[in-house]
Structures are given as C-alpha cells and as structure tokens.
Amino acid sequence: MKYNKNTVIRSGWRRFILPAVIGMVIGSGSAYASERVKQTVPKISELPTLSAQQNHSKSCNRVSSFFTRSHYKEIVLDKKFAEKVIDSYLYENDRYHSLFTADEVKDMYGRYNDVIAAMSACRLDYPFELYTKVINRKFKRLSYYLSVLDKPVDLNGHDYIDSDRSKLPPLKDMAQLEDLWRKLVVNDLIKLMLNGKTEEKARELLKKRYTNQLRILTESKSEDAFSAFENAYAHAIDPHTSYLSPDDSAKFMDEMSLAMEGIGAVLTKEDDYVKIVSLVPGSPAEMSKKLKPNDYIIGIRQHDGKNNKMLDVVGMRLEDVVPMVKGKKGSKVTLEIQRDNGGNVTTFTVDLVRSRIRLEDSAAKGEVREIDGRKVGVLTVKSFYVNLYEDIDKELKKLNDKKIEALVLDLRYNGGGALSEAILSTGLFVDNDAFVQVRDGVGNVAVRGDVTPGVTYSGPMVVLTNRLSASASEIMAAALQDLGRAVVVGDTTFGKGTVQQSRPLDRIFDYNSEPLGSIHYTIAKFYRINGGSTQMKGVQPDILFPKIISYDIVGEKNEPNALEWDMISSVKYQPKDLKNYISELSQIHENRVKNNELFKDMENAERKLSEEMKPGNRISLNFAERKAEKDKDDAEYLQIINRNLKANGQAPISNIKDLPSKYEPFDCYLDESARIALDLADLEKKNLATVKN
C-alpha cells in the first residue's frame, strides 16, 4: 500500500470528516446573524424550491465510481445497502425521531429503488424530494414551538420526556409528534431557567432562537440537499467516509495546512447544536482547560467594538457559526457553553484569545514528578506530528540525564496523526522490525516496524490511555503492550483502526467547470502484530481505571456502519514477559486506591454515568424537581472540587462561583500511573536480584 500526502490517518471522533478547525478571519457572519433575529417570523411559502444543479450529476457519478471501485469495503448497490443509506439519512436528519411518523418513515424505506437509482444512475429527483420534506417538517416543528410559547406553560406538572429517543421507534402520528414538540419546548425553557434566566427572559430567548432557525431554513441551498444524500451514501459504507462540498473541501485543506488563526476546536453539527468534537493540542481552546469534547457552543460574543452582544447560535448552520469563532491572532471571543450532565445542563462562558495554530506548537513534553523522594519521568504526547520522534528522543535524553527510575508515556486525548511518526517513536523504546500490520482492500499486508537499531529509553515503562486515545496512538500503545515493553493503564482506547485518503473530484480536463468538491474514504485497516485489529475493540489496558467518558457515547463501536473487528495472521515476535507482573501490580494498585477519595469520586461518576445512559431513562418536566436535582448535583460537585483543591494544596471554596479561574482538577490518574511505574521498577529489581541469586 502506498502512502502519499493525501493519505490521512485521523481519529475521526465524529462521523463527518469536515472539521471546522477554527481558522480564518471573521467576515460579516456575526452582523448578518444578529440582524436575523430582528426580522418577522418567516412563512412556509418562503422556503426555496430546490433542484439538482448541473455540476451535481458530474459529482455524483465520480463519487459513486470512487466508492464502488476504490473503497476498502466492497459494496453492492442493492436493496439491503439502500436501506442502510436511508438509515444513515434519518440518523443525520431525524436521529431522535421528532420529525416523521412511523408511516412516513416506512414510506421512505419503500422508496429503496429511488435510492438505488440516485446512487447508480445519479437520478437525483428523490434525494431532493426527501430533503424538501425534511426542511418543510422542520419548519412546521419550529412553528409549533412558537405557538407553545404563545400560551401559558405548565412547569409544575408531572410530565416526563425520554432522555434519548434515538433508540426508540418513530411515533405513531402527528398528535404524538406535537405532544413531543410541546415537551421539548418545556424542557428548553426549564434548562434556561435552571441557569439563571427568568421565565420571561427564557421565553424571549427561545422565541428569538426558534425564529432564527426558521429564517435559516428559508436559506437552504441545493448543495445542502445534494450533500445530505451523498453523505448518507458515504456513511452507509463506514463512518469515516464522506463527501465534502466545494466550500467544505476548502475548509478541510485549511485544517490540513496546519496554519490557522483561531481558537483550535474541531466542530460538528448535532441536531440543532454546534458540538465540540475535539480540541487541537496547544490551541487556546485546549490551553483554557475549560472546554471539553461533547460541549455545545450555544452563544458567541465578539469583542470588535461593533457588536458586543452575546449571539444565540442554536439552530444556525455550521458554516455560519464557524466564521464567528474564527478570527485574527490576538482578537478575543467569548463562547457560551452548554455542558450536559444527564437530565441537567450547565451553561458558562469562556473567554479566549485567538492565536496562530500549528500542531507542531504542541511538542512532546517531558517532566519529572517526585513521589516519596523518587523520580518518575512523564512524557506527554498530544499528537503524532511531523518530526515528533526527534522531539521525543530529545526529551527522553533529558529525562535520562535526570536519573529517572521509571517512565509514564501519556497518550490521553491523543487523536492520532502520522503513522510513520508512531512507528519511529515506538522504536525509541524497543527494537523490533514489526510494530503494526496494514492491510489494503485487496488483501495485501504490509508490516511496518523499527529500522534503526538501538533505543533511547530502556527502563520500566507505563502507557496511560483514555477513550479519546485513537488511531496512531492506539498503534503505539498496542505495539508496546504486545512486545511486553510497557504496562498499559487507564481506559480502553477509541478503537479507530482504519486509514483514510482524500481525493478531489475535479479532473484536469474540467475546463471552465465549477469546483466539484472532494471525498474522504477508507483505503486500509490496521492490525496489531498479534494479528488482532485495533478497529472497534481499541487497546484494552492491563490495569483499568474508572472510565470518565461513556463507552455508549464515545468510541468507534457507537458509529453506525463501522468496519468490524477481525484478525489476520500474526507476525513472529518475541515479547518481553511483563504478564507475570500484571497481577501483582493490579493488587498493589487496588490496595492503594481503595481509600483514595479522588478515585472514589471517579468510580461514583462512572456509576452515575452508567445509570444515566440506561435505556428508558426519563427527564422530569417539573421545574421544582429539576431545580432540587440540580442543587443536589451542584453540592456534590462542590465537594469534589474542594477535594481536588486540597490535593493541589489550595484553599477550599464555599460556592462554585468562587472557583479560581485557572482551576485544574488534580490529575489522580497521572499520579497513580507514576506510582504503578515505580511499582513496576521495584518488581523488576526484585526479579533481577532473584535471578542473580
């Protein structure tokens, strides 16, 4: 298999490959959006009539040619696959079953021949008909939302709403849909009131929000309809395959250039919300320590002297929100963030100063932690950027000079990067000619390993991972685990074991043609040297810590149509025998953390998260009940904060509002990983002494 500049190895934490990594100069987007909310409520007659454009037929033919001939996964454009396309279309447009009735959904599946015709012959009438139904029904839903706000709302009743309707069947009829719409409005109202707004102010904000969303629907474009269908086609193959419109292709190339100005966040659209997928290492967003993946951006305030009001962006198009967050180096932006905690939500603001972003700015960093007078090296690697292995080599030499007894390699939140850097970096810890196997779509297997003799660090070693360690970081962790070079601790990794490639749809002979966009598709799959794939299963730690990121939300296994886990033949290798130490290390670890309050907090959070994610959970629509629940959660959170402040050597607080602006929780997982590394060093010394005797 050949790798070139278009071969991309990325974590793919969300289905859409288009990442709105915040970059370009702010245009007129914020002023335009602020004018929208002053306009009257749009009428349904203002919705545009959408139809396929001349370039769509050409794009469609080329997309289908790539997908059917060049994708890693062989596909047949038959009824079974067409139903997957409809699954994917509904997942993106009606994930929580709040748009269409059961009969309407049944009718969509009955049109599978039209779906096949759209893919194989590029007859695009049905995709545009389907998208027209989507925007019409969304318009009707928003209009109903506004009608609910025109009447008194009962906040003291005994209604409930399902916390997650994505796994429930579609509703029977319009009466049930309208009852759900009413409940959604009540829930929106309660969420705003729980975060300090009066009922009057909350109503006013929601009216503006819903009216703005209606206006956005009237601005729908033909490219929106085409992209919606082509991406449903792409995601029916696998979640990391995508069609990118001409505009989205340009944004993707901005990201790949690694030369951007902004806050450094990867965004996607989830229902009506703009969601943070990941944070670029070393960026203002990541360095703030206040933003997390799965946070929602619900408001944006500029500080440009023109319009300094907080603008509500719920329901806005992603391409309209991105320019508001982007901006010149040194300029300031304030984000209003919504963080979901089960049935309750927390909103807060984050001030950020935009800067120039390059992944290389977040270089691997080594530091020494002292535990009971003993030195442990900690090497933090946030991404696999070009020449990473050279930086790791330098940091390891510095740590060696400081006479560390053991090392922790921290790969948490590392979403991947260049495969070559993962291989070269692994070779700094262990000599072996095989670290990973790569299989292409026709079954050719390439074995990649260390080609340079000698290592930089040979002492006891622990690798720390979490659920957001993905792709290239999984390759490194798996190789070190399989070769018995390191003990892996933390959480099971993401499970992305595939390779993607980008290809423009334009051809050199397309004279005077408008740009056609591009595609991003899977071309190969990773396998460990033991033969097992990292796909789906990820890397399972030898010592498991309480999980703080739900397996039911984050991870390849949650992505519809993700490629399955499988095995190929293993390669010959001779592992160092660390297995004999795992049982004893686990026992020492369990004894040490059983009375650790911070670990108990993590375990309690894991249990609570598991409860919240159970199917059938419902959220009360009684304001008093929700307020009591939020007050209880806040009190528990305050206790957790104070325990972390104590561990950091800081004074406790009496109110969450008094939290220091630069507060960071004590990293009990890193601390425990360092202690496990010292335990490993002690066991290896003990074993060596026994062998000598």
# chains A, B, ... in the order shown; residues from 1 in each chain; ligands from 1
>>> residues_around(residues="A:Ser362", least_positions_apart="5", cutoff="8 Å", atoms="only C-alpha atoms", output="ChimeraX atom specification")
/A:281-282,382-383
>>> residues_around(residues="A:Leu180", least_positions_apart="2", cutoff="12 Å", atoms="only C-alpha atoms", output="ChimeraX atom specification")
/A:96-101,141,144-145,148,159-162,165,170-178,182-187,621
>>> atom_distance(atom1="atom CA of A:Ser163", atom2="atom CA of A:Ile297")
20.1 Å
>>> residues_around(residues="A:Val487", least_positions_apart="2", cutoff="12 Å", atoms="only C-alpha atoms", output="VMD selection string")
chain A and resid 406 to 409 460 to 465 477 to 485 489 to 490 539 to 544 576 to 583 585 to 586 673 to 674 676 to 681
>>> write_last_selection(atoms="C-alpha atoms", output="PDB file, in the first residue's frame")
ATOM      1  CA  ALA A 406      10.592   4.808  35.562  1.00  0.00           C
ATOM      2  CA  LEU A 407       8.589   6.499  32.790  1.00  0.00           C
ATOM      3  CA  VAL A 408       4.915   7.255  32.076  1.00  0.00           C
ATOM      4  CA  LEU A 409       4.006   7.836  28.430  1.00  0.00           C
ATOM      5  CA  PRO A 460      10.413   0.448  33.363  1.00  0.00           C
ATOM      6  CA  MET A 461       7.532   1.996  31.468  1.00  0.00           C
ATOM      7  CA  VAL A 462       3.780   2.606  31.768  1.00  0.00           C
ATOM      8  CA  VAL A 463       1.494   3.875  28.970  1.00  0.00           C
ATOM      9  CA  LEU A 464      -1.549   5.912  30.071  1.00  0.00           C
ATOM     10  CA  THR A 465      -4.550   5.959  27.691  1.00  0.00           C
ATOM     11  CA  ALA A 477       0.159   1.572  22.743  1.00  0.00           C
ATOM     12  CA  ALA A 478      -0.691  -1.791  21.146  1.00  0.00           C
ATOM     13  CA  ALA A 479       2.886  -2.379  19.926  1.00  0.00           C
ATOM     14  CA  LEU A 480       4.384  -1.595  23.342  1.00  0.00           C
ATOM     15  CA  GLN A 481       1.818  -3.855  25.004  1.00  0.00           C
ATOM     16  CA  ASP A 482       2.219  -6.772  22.561  1.00  0.00           C
ATOM     17  CA  LEU A 483       6.008  -6.656  22.823  1.00  0.00           C
ATOM     18  CA  GLY A 484       5.812  -6.631  26.620  1.00  0.00           C
ATOM     19  CA  ARG A 485       7.679  -3.349  26.669  1.00  0.00           C
ATOM     20  CA  VAL A 489      -3.133   1.601  32.247  1.00  0.00           C
ATOM     21  CA  GLY A 490      -6.181   3.866  32.101  1.00  0.00           C
ATOM     22  CA  VAL A 539      -6.429  -1.238  23.136  1.00  0.00           C
ATOM     23  CA  GLN A 540      -7.603  -2.650  26.436  1.00  0.00           C
ATOM     24  CA  PRO A 541      -5.431  -1.638  29.397  1.00  0.00           C
ATOM     25  CA  ASP A 542      -3.672  -4.144  31.632  1.00  0.00           C
ATOM     26  CA  ILE A 543      -4.907  -2.135  34.627  1.00  0.00           C
ATOM     27  CA  LEU A 544      -8.284  -0.453  34.138  1.00  0.00           C
ATOM     28  CA  LYS A 576       9.320  -9.400  26.983  1.00  0.00           C
ATOM     29  CA  ASP A 577       7.363 -11.184  29.721  1.00  0.00           C
ATOM     30  CA  LEU A 578       5.561  -8.470  31.653  1.00  0.00           C
ATOM     31  CA  LYS A 579       2.459 -10.618  32.168  1.00  0.00           C
ATOM     32  CA  ASN A 580       3.924 -12.101  35.330  1.00  0.00           C
ATOM     33  CA  TYR A 581       3.892  -8.636  36.895  1.00  0.00           C
ATOM     34  CA  ILE A 582       0.342  -7.587  35.965  1.00  0.00           C
ATOM     35  CA  SER A 583      -1.478  -9.498  38.692  1.00  0.00           C
ATOM     36  CA  LEU A 585       0.741  -4.665  40.075  1.00  0.00           C
ATOM     37  CA  SER A 586      -3.052  -4.761  39.968  1.00  0.00           C
ATOM     38  CA  SER A 673       0.214   5.847  36.768  1.00  0.00           C
ATOM     39  CA  ALA A 674       3.519   7.204  38.090  1.00  0.00           C
ATOM     40  CA  ILE A 676       2.415   1.995  39.160  1.00  0.00           C
ATOM     41  CA  ALA A 677       5.566   2.742  37.134  1.00  0.00           C
ATOM     42  CA  LEU A 678       7.578   2.788  40.377  1.00  0.00           C
ATOM     43  CA  ASP A 679       5.890  -0.456  41.465  1.00  0.00           C
ATOM     44  CA  LEU A 680       6.971  -1.993  38.156  1.00  0.00           C
ATOM     45  CA  ALA A 681      10.527  -0.759  38.707  1.00  0.00           C
TER      46      ALA A 681
END
>>> residues_around(residues="A:Lys73", least_positions_apart="3", cutoff="9 Å", atoms="only C-alpha atoms", output="list in words")
Phe67, Thr68, Ser70, Ile237, Asp238, Gly441, Thr522, Ile523 and Leu563 of chain A
>>> write_last_selection(atoms="C-alpha atoms", output="tab-separated table (two decimals), in the first residue's frame")
chain	number	residue	atom	x	y	z
A	67	PHE	CA	-16.94	4.35	-3.56
A	68	THR	CA	-17.73	1.24	-5.63
A	70	SER	CA	-11.69	2.11	-4.61
A	237	ILE	CA	-20.32	2.39	3.88
A	238	ASP	CA	-18.40	3.44	7.00
A	441	GLY	CA	-8.73	-3.53	0.22
A	522	THR	CA	-11.25	4.36	3.78
A	523	ILE	CA	-8.45	2.52	1.97
A	563	LEU	CA	-15.96	-1.72	9.98
>>> select_by_dssp(residues="stretch 246-464 of chain A", states="alpha helix (DSSP H)", output="NGL selection string")
:A and (246-256 or 284-287 or 318-325 or 388-401 or 419-426)
>>> write_last_selection(atoms="C-alpha atoms", output="compact mmCIF listing (two decimals), in the first residue's frame")
# COMPACT_ATOMS: atom_id res chain seq x y z
CA PRO A 246 -16.56 22.62 -2.70
CA ASP A 247 -16.75 25.01 0.29
CA ASP A 248 -16.17 22.22 2.81
CA SER A 249 -13.20 20.95 0.78
CA ALA A 250 -11.54 24.35 1.06
CA LYS A 251 -12.06 24.31 4.84
CA PHE A 252 -10.59 20.83 5.05
CA MET A 253 -7.46 21.97 3.24
CA ASP A 254 -7.19 24.87 5.71
CA GLU A 255 -7.07 22.32 8.51
CA MET A 256 -4.52 20.11 6.79
CA PRO A 284 -6.28 28.44 23.02
CA ALA A 285 -9.29 26.14 23.38
CA GLU A 286 -7.18 23.31 24.80
CA MET A 287 -4.97 25.55 26.94
CA LEU A 318 -22.30 25.21 10.94
CA GLU A 319 -20.83 27.24 8.09
CA ASP A 320 -22.40 30.39 9.59
CA VAL A 321 -21.11 29.68 13.10
CA VAL A 322 -17.53 28.89 12.09
CA PRO A 323 -16.66 32.39 10.78
CA MET A 324 -17.89 33.86 14.07
CA VAL A 325 -15.48 31.74 16.06
CA LEU A 388 7.67 14.03 16.65
CA TYR A 389 10.15 11.20 17.15
CA GLU A 390 13.03 13.70 17.15
CA ASP A 391 11.34 15.69 19.94
CA ILE A 392 10.66 12.50 21.92
CA ASP A 393 14.29 11.48 21.51
CA LYS A 394 15.46 14.83 22.93
CA GLU A 395 13.00 14.71 25.85
CA LEU A 396 13.97 11.15 26.74
CA LYS A 397 17.66 12.07 26.81
CA LYS A 398 16.87 14.93 29.20
CA LEU A 399 14.89 12.58 31.45
CA ASN A 400 17.72 10.02 31.37
CA ASP A 401 20.14 12.73 32.49
CA LEU A 419 1.67 6.56 11.04
CA SER A 420 5.36 7.00 10.28
CA GLU A 421 5.83 9.05 13.46
CA ALA A 422 4.07 6.41 15.55
CA ILE A 423 6.45 3.77 14.20
CA LEU A 424 9.61 5.84 14.60
CA SER A 425 8.59 6.95 18.10
CA THR A 426 7.87 3.39 19.21
>>> atom_distance(atom1="atom CA of A:Tyr273", atom2="atom CA of A:Val314")
5.3 Å
>>> residues_around(residues="stretch 596-604 of chain A", least_positions_apart="5", cutoff="9 Å", atoms="only C-alpha atoms", output="list in words")
Phe545, Pro546, Lys547, Ile548, Leu609, Ile640, Arg643, Asn644, Ala647, Phe666, Cys668 and Tyr669 of chain A
>>> closest_residue(among="A:Ile216, A:Ala689, A:Met193, A:Ile529", to="A:Lys138", atoms="only C-alpha atoms")
A:Ile216
>>> select_by_dssp(residues="stretch 121-337 of chain A", states="strand (DSSP E)", output="PyMOL selection string")
chain A and resi 160-162+242-244+260-262+265-270+273-279+296-302+311-312+332-337
>>> residues_around(residues="stretch 494-501 of chain A", least_positions_apart="5", cutoff="8 Å", atoms="only C-alpha atoms", output="JSON, numbers by chain")
{"A": [6, 7, 8, 9, 10, 11, 12, 240, 241, 466, 467, 468, 469, 470, 471, 474, 520, 521, 522, 523, 524, 525, 526, 527, 533, 534, 535, 536, 537, 538, 539, 554, 555, 556, 557]}
>>> write_last_selection(atoms="N, CA and C atoms", output="mmCIF file, in the first residue's frame")
data_model
loop_
_atom_site.group_PDB
_atom_site.id
_atom_site.type_symbol
_atom_site.label_atom_id
_atom_site.label_comp_id
_atom_site.auth_asym_id
_atom_site.auth_seq_id
_atom_site.Cartn_x
_atom_site.Cartn_y
_atom_site.Cartn_z
ATOM 1 N N ASN A 6 -1.868 12.719 0.418
ATOM 2 C CA ASN A 6 -3.322 12.675 0.549
ATOM 3 C C ASN A 6 -3.801 11.558 1.455
ATOM 4 N N THR A 7 -2.864 10.726 1.939
ATOM 5 C CA THR A 7 -3.247 9.652 2.839
ATOM 6 C C THR A 7 -3.331 10.202 4.249
ATOM 7 N N VAL A 8 -4.500 10.093 4.835
ATOM 8 C CA VAL A 8 -4.747 10.726 6.131
ATOM 9 C C VAL A 8 -5.062 9.666 7.169
ATOM 10 N N ILE A 9 -4.362 9.718 8.297
ATOM 11 C CA ILE A 9 -4.642 8.806 9.403
ATOM 12 C C ILE A 9 -5.149 9.669 10.542
ATOM 13 N N ARG A 10 -6.453 9.654 10.736
ATOM 14 C CA ARG A 10 -7.045 10.561 11.707
ATOM 15 C C ARG A 10 -7.972 9.797 12.628
ATOM 16 N N SER A 11 -8.293 10.419 13.765
ATOM 17 C CA SER A 11 -9.090 9.727 14.767
ATOM 18 C C SER A 11 -10.546 9.618 14.380
ATOM 19 N N GLY A 12 -11.102 10.628 13.704
ATOM 20 C CA GLY A 12 -12.495 10.551 13.268
ATOM 21 C C GLY A 12 -13.465 10.410 14.407
ATOM 22 N N HIS A 240 -16.184 6.973 8.462
ATOM 23 C CA HIS A 240 -15.081 7.874 8.145
ATOM 24 C C HIS A 240 -14.989 8.178 6.654
ATOM 25 N N THR A 241 -16.020 7.785 5.934
ATOM 26 C CA THR A 241 -16.120 8.096 4.515
ATOM 27 C C THR A 241 -17.098 9.248 4.346
ATOM 28 N N ASN A 466 -6.763 6.886 27.373
ATOM 29 C CA ASN A 466 -8.180 7.039 27.713
ATOM 30 C C ASN A 466 -9.022 6.808 26.469
ATOM 31 N N ARG A 467 -10.317 7.049 26.565
ATOM 32 C CA ARG A 467 -11.240 6.729 25.473
ATOM 33 C C ARG A 467 -10.976 7.577 24.228
ATOM 34 N N LEU A 468 -10.305 8.709 24.391
ATOM 35 C CA LEU A 468 -10.024 9.584 23.259
ATOM 36 C C LEU A 468 -8.609 9.413 22.722
ATOM 37 N N SER A 469 -7.920 8.354 23.144
ATOM 38 C CA SER A 469 -6.658 7.962 22.501
ATOM 39 C C SER A 469 -7.044 7.151 21.263
ATOM 40 N N ALA A 470 -6.652 7.624 20.095
ATOM 41 C CA ALA A 470 -7.171 6.997 18.876
ATOM 42 C C ALA A 470 -6.106 6.879 17.791
ATOM 43 N N SER A 471 -6.368 5.967 16.857
ATOM 44 C CA SER A 471 -5.604 5.821 15.615
ATOM 45 C C SER A 471 -4.118 5.566 15.879
ATOM 46 N N GLU A 474 -3.146 4.485 19.278
ATOM 47 C CA GLU A 474 -3.514 3.097 19.563
ATOM 48 C C GLU A 474 -2.470 2.140 18.990
ATOM 49 N N HIS A 520 -13.540 11.701 1.006
ATOM 50 C CA HIS A 520 -12.610 11.198 2.020
ATOM 51 C C HIS A 520 -13.071 9.772 2.283
ATOM 52 N N TYR A 521 -12.231 8.783 1.990
ATOM 53 C CA TYR A 521 -12.728 7.413 2.067
ATOM 54 C C TYR A 521 -11.663 6.460 2.616
ATOM 55 N N THR A 522 -12.115 5.337 3.111
ATOM 56 C CA THR A 522 -11.253 4.362 3.784
ATOM 57 C C THR A 522 -10.561 3.480 2.752
ATOM 58 N N ILE A 523 -9.231 3.305 2.947
ATOM 59 C CA ILE A 523 -8.454 2.518 1.973
ATOM 60 C C ILE A 523 -7.708 1.351 2.620
ATOM 61 N N ALA A 524 -7.605 1.329 3.950
ATOM 62 C CA ALA A 524 -6.829 0.264 4.592
ATOM 63 C C ALA A 524 -7.242 0.122 6.053
ATOM 64 N N LYS A 525 -6.704 -0.907 6.676
ATOM 65 C CA LYS A 525 -7.047 -1.231 8.061
ATOM 66 C C LYS A 525 -5.776 -1.628 8.815
ATOM 67 N N PHE A 526 -5.710 -1.225 10.096
ATOM 68 C CA PHE A 526 -4.568 -1.548 10.943
ATOM 69 C C PHE A 526 -4.782 -2.868 11.691
ATOM 70 N N TYR A 527 -3.669 -3.584 11.892
ATOM 71 C CA TYR A 527 -3.702 -4.806 12.706
ATOM 72 C C TYR A 527 -2.480 -4.810 13.624
ATOM 73 N N SER A 533 -7.104 -6.712 15.114
ATOM 74 C CA SER A 533 -7.236 -5.327 14.674
ATOM 75 C C SER A 533 -7.432 -4.405 15.878
ATOM 76 N N THR A 534 -7.021 -3.138 15.735
ATOM 77 C CA THR A 534 -7.365 -2.132 16.745
ATOM 78 C C THR A 534 -8.756 -1.570 16.474
ATOM 79 N N GLN A 535 -9.340 -1.917 15.322
ATOM 80 C CA GLN A 535 -10.664 -1.434 14.955
ATOM 81 C C GLN A 535 -11.718 -1.956 15.931
ATOM 82 N N MET A 536 -12.591 -1.077 16.379
ATOM 83 C CA MET A 536 -13.716 -1.372 17.274
ATOM 84 C C MET A 536 -13.288 -1.653 18.710
ATOM 85 N N LYS A 537 -12.394 -2.618 18.906
ATOM 86 C CA LYS A 537 -12.026 -3.013 20.266
ATOM 87 C C LYS A 537 -11.025 -2.062 20.907
ATOM 88 N N GLY A 538 -10.226 -1.367 20.107
ATOM 89 C CA GLY A 538 -9.205 -0.500 20.650
ATOM 90 C C GLY A 538 -8.135 -1.281 21.386
ATOM 91 N N VAL A 539 -7.447 -0.606 22.295
ATOM 92 C CA VAL A 539 -6.429 -1.238 23.136
ATOM 93 C C VAL A 539 -6.965 -1.285 24.557
ATOM 94 N N VAL A 554 -18.875 7.709 23.242
ATOM 95 C CA VAL A 554 -17.615 7.921 22.521
ATOM 96 C C VAL A 554 -16.975 6.574 22.196
ATOM 97 N N GLY A 555 -16.544 6.424 20.971
ATOM 98 C CA GLY A 555 -15.867 5.196 20.565
ATOM 99 C C GLY A 555 -16.367 4.713 19.221
ATOM 100 N N GLU A 556 -15.509 4.021 18.516
ATOM 101 C CA GLU A 556 -15.834 3.539 17.175
ATOM 102 C C GLU A 556 -17.053 2.627 17.180
ATOM 103 N N LYS A 557 -17.238 1.879 18.242
ATOM 104 C CA LYS A 557 -18.346 0.914 18.280
ATOM 105 C C LYS A 557 -19.709 1.594 18.249
#
>>> residues_around(residues="stretch 198-208 of chain A", least_positions_apart="2", cutoff="7 Å", atoms="only C-alpha atoms", output="count of residues only")
10
>>> atom_distance(atom1="atom CA of A:Gly415", atom2="atom CA of A:Tyr457")
24.0 Å
>>> closest_residue(among="A:Ile86, A:Val313, A:Ile653, A:Ala225", to="A:Pro48", atoms="only C-alpha atoms")
A:Ala225
>>> closest_residue(among="A:Gln213, A:Ser147, A:Ser458, A:Asn530", to="A:Glu405", atoms="only C-alpha atoms")
A:Ser458
>>> closest_residue(among="A:Ile519, A:Ser620, A:Phe81, A:Gln574", to="A:Val430", atoms="only C-alpha atoms")
A:Gln574
